[in-house]
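As structure tokens, the structure follows; a few thoughts come after it.
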There are 2 protein chains.
Amino acid sequence: MKPVFRQNQLFTFLLYCNDVKLEKKILDCGAGGNLPPLAIFAEHGYETYGIDISKEQIKRAKIFEEEHNLELGIIEGDMKSLPFEDESVSFIYSYNSIFHMSKEEIGISIKEIYRVLPKGGLAFINFASTRDFRATMGEKVRDGEYLQEEHGEKILHSYFEENEAEKYFNGFKIIYKENRVREGYASENRKIKLGFIDYIIEKI
Amino acid sequence: MKPVFRQNQLFTFLLYCNDVKLEKKILDCGAGGNLPPLAIFAEHGYETYGIDISKEQIKRAKIFEEEHNLELGIIEGDMKSLPFEDESVSFIYSYNSIFHMSKEEIGISIKEIYRVLPKGGLAFINFASTRDFRATMGEKVRDGEYLQEEHGEKILHSYFEENEAEKYFNGFKIIYKENRVREGYASENRKIKLGFIDYIIEKI
């Protein structure tokens, strides 16, 4: 069956990217996993690059790439130090990834995104919001930063107030923002509420 | 170029539909326009049906269908009286359409959706919310109902408080809800704020 990508907001990002007159070159920060969304961009004619900090997730993406006869260009790498030249990639996104770092590290990563984008280039970044049901769960590390169990490991999660993340956007213009609360079921009887704030920002 | 669909929430609906063990048969209420999103479902193996009240919008969809060698089954019809047998269509959606009716008509339409869905069938319906910048613009008709200019015509728009639309969901279980506020630019200097509440409901 044709894969269905879970990261539906990236279709919105694709629409914005298609409207920009820059080389169709895109980088996913946190690109690994079973269903790498870079495939959406490859399908629409983009030259794709990806980094992921996890060898395991890169391996999963490779299986997808082989099955679909794709080469997405995903390598091991760290968002805090992007292995790309200044102003070399027109579009960069990080979907459901950046909030697995501390707020300080997030600031460093967004400076890296700024460095690698050319003027007029776009980034899509989303944040977990304080309206999420997990926002104060687990072991508090710093304000809005909690260690939380995920797949049996303690993983740091950062949660943001409505406009808090915008302090990182020096040199950017916010061209799109969606603040959303999603209610659903994690299993048949377990109702959960997730909060996200999605941004598309343009380097000015 | 491969089309990019603006209705990204429908990819979420597709994921939910794929998980339901019913015939892959789907109906779009408000199916016309340049880029009919039923094509997403056709691409994923669904038998598609659509209705639209506007001949003009159906004509636009037909051009898309011819260009893409698709037959989406879009006919003229009214949501308030669906031209389908009881329990005959597994999945029904109405995206950015239903709020162009009065609240009374919306109630009638959702009863129709209930009638046409089998037990276990799913509907995706989204509403404009009172957080939208247009929520009290134009000529007030009734509470939360305003006549607003659209393409030179006065069109009725209904706006809903956070949980207000749920009064229509008798006989349904809400399995997904997303309350979102989207900020962006209508043109270079005109910032706007849109509010939507999206639901996926299951007939119980």
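Chain lettering (A, B, ...) mirrors the order of the structure tokens, residue numbering begins at 1 for each chain separately, and ligand numbering begins at 1 in order of display.
Using only C-alpha atoms, one finds that the residues of chain B close to chain A, at 8 Å or less, are Met1, Lys2, Val4, Phe5, Arg6, Asn8, Gln9, Phe11, Thr12, Leu14, Leu15, His44, Ile175, Tyr176, Lys177, Glu178, Asn179, Arg180, Val181, Arg182, Glu183, Gly184 and Tyr185 of chain B.
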Just the selected residues (C-alpha atoms), exported as an mmCIF file, in the first residue's frame, please.
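New file again-v6.cif:
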```
data_model
loop_
_atom_site.group_PDB
_atom_site.id
_atom_site.type_symbol
_atom_site.label_atom_id
_atom_site.label_comp_id
_atom_site.auth_asym_id
_atom_site.auth_seq_id
_atom_site.Cartn_x
_atom_site.Cartn_y
_atom_site.Cartn_z
ATOM 1 C CA MET B 1 3.988 19.330 -11.287
ATOM 2 C CA LYS B 2 2.375 16.840 -8.909
ATOM 3 C CA VAL B 4 -0.146 19.445 -3.402
ATOM 4 C CA PHE B 5 -3.428 19.324 -1.524
ATOM 5 C CA ARG B 6 -4.172 22.187 0.870
ATOM 6 C CA ASN B 8 -3.641 18.475 5.068
ATOM 7 C CA GLN B 9 -5.961 17.289 7.867
ATOM 8 C CA PHE B 11 -4.217 12.826 5.553
ATOM 9 C CA THR B 12 -4.973 12.314 9.224
ATOM 10 C CA LEU B 14 -7.043 8.807 5.731
ATOM 11 C CA LEU B 15 -4.890 7.216 8.458
ATOM 12 C CA HIS B 44 -4.971 5.198 -1.833
ATOM 13 C CA ILE B 175 -12.302 9.982 18.439
ATOM 14 C CA TYR B 176 -10.220 12.979 17.399
ATOM 15 C CA LYS B 177 -10.500 16.703 17.917
ATOM 16 C CA GLU B 178 -8.096 19.423 16.963
ATOM 17 C CA ASN B 179 -8.682 22.983 18.061
ATOM 18 C CA ARG B 180 -6.304 25.229 16.171
ATOM 19 C CA VAL B 181 -5.550 28.857 15.543
ATOM 20 C CA ARG B 182 -3.531 29.622 12.448
ATOM 21 C CA GLU B 183 -1.786 32.949 11.938
ATOM 22 C CA GLY B 184 -0.455 33.902 8.565
ATOM 23 C CA TYR B 185 -0.537 36.499 5.843
#
```
**Study point:** Per-residue DSSP, range 22-198 of chain A, filtered to alpha helix (DSSP H), as JSON, numbers by chain
**Key:** {"A": [38, 39, 40, 41, 42, 43, 55, 56, 57, 58, 59, 60, 61, 62, 63, 64, 65, 66, 67, 103, 104, 105, 106, 107, 108, 109, 110, 111, 112, 113, 114, 115, 116]}
Take chain A, superimpose it onto chain B by least squares using every C-alpha atom paired in sequence order, and output the result as a compact mmCIF listing (two decimals) with C-alpha atoms, in the first residue's frame.
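The resulting file, result_18.txt, is reproduced below:
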```
# COMPACT_ATOMS: atom_id res chain seq x y z
CA MET A 1 4.00 19.30 -11.27
CA LYS A 2 2.38 16.83 -8.90
CA PRO A 3 -0.50 18.57 -7.10
CA VAL A 4 -0.15 19.45 -3.41
CA PHE A 5 -3.42 19.33 -1.52
CA ARG A 6 -4.17 22.17 0.86
CA GLN A 7 -6.42 20.08 3.07
CA ASN A 8 -3.64 18.46 5.06
CA GLN A 9 -5.96 17.29 7.86
CA LEU A 10 -7.44 14.83 5.39
CA PHE A 11 -4.22 12.83 5.53
CA THR A 12 -4.97 12.32 9.22
CA PHE A 13 -8.49 11.23 8.30
CA LEU A 14 -7.04 8.80 5.72
CA LEU A 15 -4.90 7.22 8.45
CA TYR A 16 -7.96 6.73 10.63
CA CYS A 17 -10.01 5.33 7.71
CA ASN A 18 -7.24 2.89 6.80
CA ASP A 19 -7.53 1.39 10.29
CA VAL A 20 -11.26 0.66 9.98
CA LYS A 21 -12.39 -2.68 8.59
CA LEU A 22 -15.13 -1.40 6.32
CA GLU A 23 -15.44 -1.14 2.55
CA LYS A 24 -13.07 1.59 1.25
CA LYS A 25 -15.87 3.88 0.09
CA ILE A 26 -15.71 7.60 0.78
CA LEU A 27 -17.93 10.63 0.21
CA ASP A 28 -16.82 14.27 0.13
CA CYS A 29 -19.55 16.82 0.92
CA GLY A 30 -18.39 19.98 -0.83
CA ALA A 31 -16.21 18.02 -3.25
CA GLY A 32 -15.70 20.51 -6.08
CA GLY A 33 -12.96 22.96 -6.89
CA ASN A 34 -9.62 23.10 -8.72
CA LEU A 35 -7.91 20.53 -6.56
CA PRO A 36 -10.51 18.03 -5.33
CA PRO A 37 -9.09 16.26 -2.27
CA LEU A 38 -10.98 13.07 -3.15
CA ALA A 39 -7.94 12.46 -5.37
CA ILE A 40 -5.93 11.69 -2.22
CA PHE A 41 -8.35 8.89 -1.38
CA ALA A 42 -8.52 7.63 -4.96
CA GLU A 43 -4.72 7.38 -4.94
CA HIS A 44 -4.97 5.20 -1.84
CA GLY A 45 -7.47 2.79 -3.32
CA TYR A 46 -10.78 4.24 -2.18
CA GLU A 47 -13.98 4.25 -4.24
CA THR A 48 -14.86 7.93 -4.23
CA TYR A 49 -18.09 9.89 -4.32
CA GLY A 50 -18.64 13.59 -3.99
CA ILE A 51 -21.41 16.12 -3.93
CA ASP A 52 -21.27 19.84 -4.38
CA ILE A 53 -24.02 22.40 -4.46
CA SER A 54 -22.15 24.54 -7.01
CA LYS A 55 -22.15 23.61 -10.71
CA GLU A 56 -19.13 25.91 -11.16
CA GLN A 57 -17.04 24.04 -8.57
CA ILE A 58 -18.01 20.69 -10.08
CA LYS A 59 -16.86 21.95 -13.48
CA ARG A 60 -13.48 22.90 -11.95
CA ALA A 61 -13.12 19.45 -10.42
CA LYS A 62 -13.95 17.85 -13.80
CA ILE A 63 -11.04 19.71 -15.41
CA PHE A 64 -8.72 18.32 -12.73
CA GLU A 65 -10.15 14.83 -13.21
CA GLU A 66 -9.57 14.97 -16.97
CA GLU A 67 -6.02 16.27 -16.55
CA HIS A 68 -5.21 13.47 -14.10
CA ASN A 69 -7.23 10.76 -15.79
CA LEU A 70 -9.40 10.24 -12.72
CA GLU A 71 -13.10 9.65 -12.19
CA LEU A 72 -14.00 10.89 -8.73
CA GLY A 73 -17.79 10.55 -8.97
CA ILE A 74 -18.70 14.12 -8.09
CA ILE A 75 -22.33 15.05 -8.68
CA GLU A 76 -24.56 17.98 -7.83
CA GLY A 77 -26.14 17.54 -4.45
CA ASP A 78 -27.06 19.06 -1.13
CA MET A 79 -25.61 18.01 2.23
CA LYS A 80 -29.03 18.46 3.82
CA SER A 81 -30.38 15.59 1.73
CA LEU A 82 -27.62 13.19 0.74
CA PRO A 83 -28.41 11.18 -2.41
CA PHE A 84 -27.25 7.91 -0.81
CA GLU A 85 -28.96 4.94 0.86
CA ASP A 86 -28.90 4.43 4.63
CA GLU A 87 -25.60 3.00 5.91
CA SER A 88 -24.15 2.83 2.41
CA VAL A 89 -20.87 4.84 2.66
CA SER A 90 -18.16 3.91 5.20
CA PHE A 91 -16.45 7.31 5.36
CA ILE A 92 -17.77 10.83 4.86
CA TYR A 93 -16.01 14.15 5.17
CA SER A 94 -16.75 17.80 4.78
CA TYR A 95 -13.70 20.03 4.85
CA ASN A 96 -14.06 23.83 5.12
CA SER A 97 -17.61 23.48 3.81
CA ILE A 98 -20.17 22.90 6.51
CA PHE A 99 -19.77 26.34 8.13
CA HIS A 100 -21.19 27.97 5.00
CA MET A 101 -24.61 26.95 6.25
CA SER A 102 -26.75 28.10 9.17
CA LYS A 103 -26.44 26.19 12.43
CA GLU A 104 -29.88 24.67 11.88
CA GLU A 105 -28.86 23.41 8.43
CA ILE A 106 -25.61 22.06 9.86
CA GLY A 107 -27.63 20.01 12.35
CA ILE A 108 -29.72 18.58 9.51
CA SER A 109 -26.60 17.76 7.48
CA ILE A 110 -24.91 15.91 10.32
CA LYS A 111 -28.10 13.85 10.81
CA GLU A 112 -27.81 12.97 7.12
CA ILE A 113 -24.19 11.92 7.59
CA TYR A 114 -25.33 9.76 10.50
CA ARG A 115 -28.01 8.13 8.33
CA VAL A 116 -25.62 7.31 5.46
CA LEU A 117 -22.75 5.94 7.60
CA PRO A 118 -22.82 2.32 8.76
CA LYS A 119 -22.04 1.52 12.39
CA GLY A 120 -18.29 1.99 12.88
CA GLY A 121 -18.11 4.39 9.94
CA LEU A 122 -16.19 7.63 10.33
CA ALA A 123 -16.84 11.26 9.50
CA PHE A 124 -14.41 14.16 9.39
CA ILE A 125 -16.07 17.53 9.87
CA ASN A 126 -14.46 20.85 10.61
CA PHE A 127 -15.93 24.06 11.93
CA ALA A 128 -14.84 27.68 11.92
CA SER A 129 -14.28 28.77 15.49
CA THR A 130 -15.09 31.98 17.34
CA ARG A 131 -11.32 32.54 17.61
CA ASP A 132 -11.27 33.34 13.87
CA PHE A 133 -10.67 37.00 13.01
CA ARG A 134 -13.85 37.01 10.93
CA ALA A 135 -16.01 35.56 13.71
CA THR A 136 -18.14 38.68 14.22
CA MET A 137 -17.62 40.46 10.91
CA GLY A 138 -20.38 41.37 8.51
CA GLU A 139 -24.12 41.39 8.96
CA LYS A 140 -25.32 39.37 11.91
CA VAL A 141 -28.13 36.95 11.07
CA ARG A 142 -28.34 34.93 14.28
CA ASP A 143 -25.90 34.16 17.13
CA GLY A 144 -22.58 33.15 15.56
CA GLU A 145 -24.03 33.48 12.03
CA TYR A 146 -22.88 36.32 9.81
CA LEU A 147 -23.30 37.28 6.17
CA GLN A 148 -19.82 37.97 4.82
CA GLU A 149 -18.47 39.05 1.47
CA GLU A 150 -16.73 36.25 -0.40
CA HIS A 151 -15.78 36.66 -4.06
CA GLY A 152 -18.22 39.56 -4.30
CA GLU A 153 -21.17 37.64 -2.86
CA LYS A 154 -22.73 37.76 0.60
CA ILE A 155 -22.20 34.29 2.06
CA LEU A 156 -23.41 33.00 5.42
CA HIS A 157 -20.70 31.83 7.82
CA SER A 158 -21.33 30.07 11.12
CA TYR A 159 -18.77 30.24 13.95
CA PHE A 160 -18.60 27.88 16.90
CA GLU A 161 -17.45 28.05 20.49
CA GLU A 162 -14.97 25.42 21.58
CA ASN A 163 -17.44 22.58 22.32
CA GLU A 164 -20.59 23.97 20.74
CA ALA A 165 -20.62 21.74 17.65
CA GLU A 166 -20.63 18.63 19.80
CA LYS A 167 -24.37 19.01 20.34
CA TYR A 168 -24.76 17.63 16.80
CA PHE A 169 -22.89 14.41 17.59
CA ASN A 170 -25.69 12.32 19.05
CA GLY A 171 -24.98 8.70 18.22
CA PHE A 172 -21.34 9.45 17.51
CA LYS A 173 -18.15 9.07 19.53
CA ILE A 174 -15.56 11.79 19.12
CA ILE A 175 -12.31 9.97 18.45
CA TYR A 176 -10.22 12.98 17.41
CA LYS A 177 -10.52 16.70 17.92
CA GLU A 178 -8.09 19.43 16.97
CA ASN A 179 -8.69 22.99 18.06
CA ARG A 180 -6.31 25.24 16.16
CA VAL A 181 -5.55 28.87 15.54
CA ARG A 182 -3.51 29.62 12.44
CA GLU A 183 -1.79 32.94 11.94
CA GLY A 184 -0.45 33.90 8.56
CA TYR A 185 -0.54 36.51 5.84
CA ALA A 186 -3.41 36.93 3.40
CA SER A 187 -1.10 39.19 1.40
CA GLU A 188 2.37 40.62 2.04
CA ASN A 189 1.34 43.00 4.81
CA ARG A 190 -2.06 41.70 5.86
CA LYS A 191 -1.76 39.42 8.85
CA ILE A 192 -4.76 37.24 9.62
CA LYS A 193 -5.77 34.71 12.26
CA LEU A 194 -7.98 31.75 11.39
CA GLY A 195 -9.66 29.46 13.87
CA PHE A 196 -10.82 25.92 13.16
CA ILE A 197 -12.03 22.95 15.14
CA ASP A 198 -11.63 19.61 13.36
CA TYR A 199 -13.36 16.41 14.41
CA ILE A 200 -13.23 12.78 13.49
CA ILE A 201 -16.34 11.05 14.81
CA GLU A 202 -17.39 7.43 14.72
CA LYS A 203 -20.97 6.22 14.39
CA ILE A 204 -21.66 4.01 17.42
```
Check your understanding: Can you list every residue in chain B that DSSP puts in strand (DSSP E), as JSON, numbers by chain?
Key -> {"B": [25, 26, 27, 28, 29, 47, 48, 49, 50, 51, 52, 74, 75, 76, 91, 92, 93, 94, 122, 123, 124, 125, 126, 127, 128, 129, 139, 140, 141, 142, 145, 146, 147, 148, 149, 150, 153, 154, 155, 156, 157, 158, 159, 160, 172, 173, 174, 175, 176, 177, 178, 179, 180, 181, 182, 183, 184, 185, 186, 187, 190, 191, 192, 193, 194, 195, 196, 197, 198, 199, 200, 201, 202, 203]}
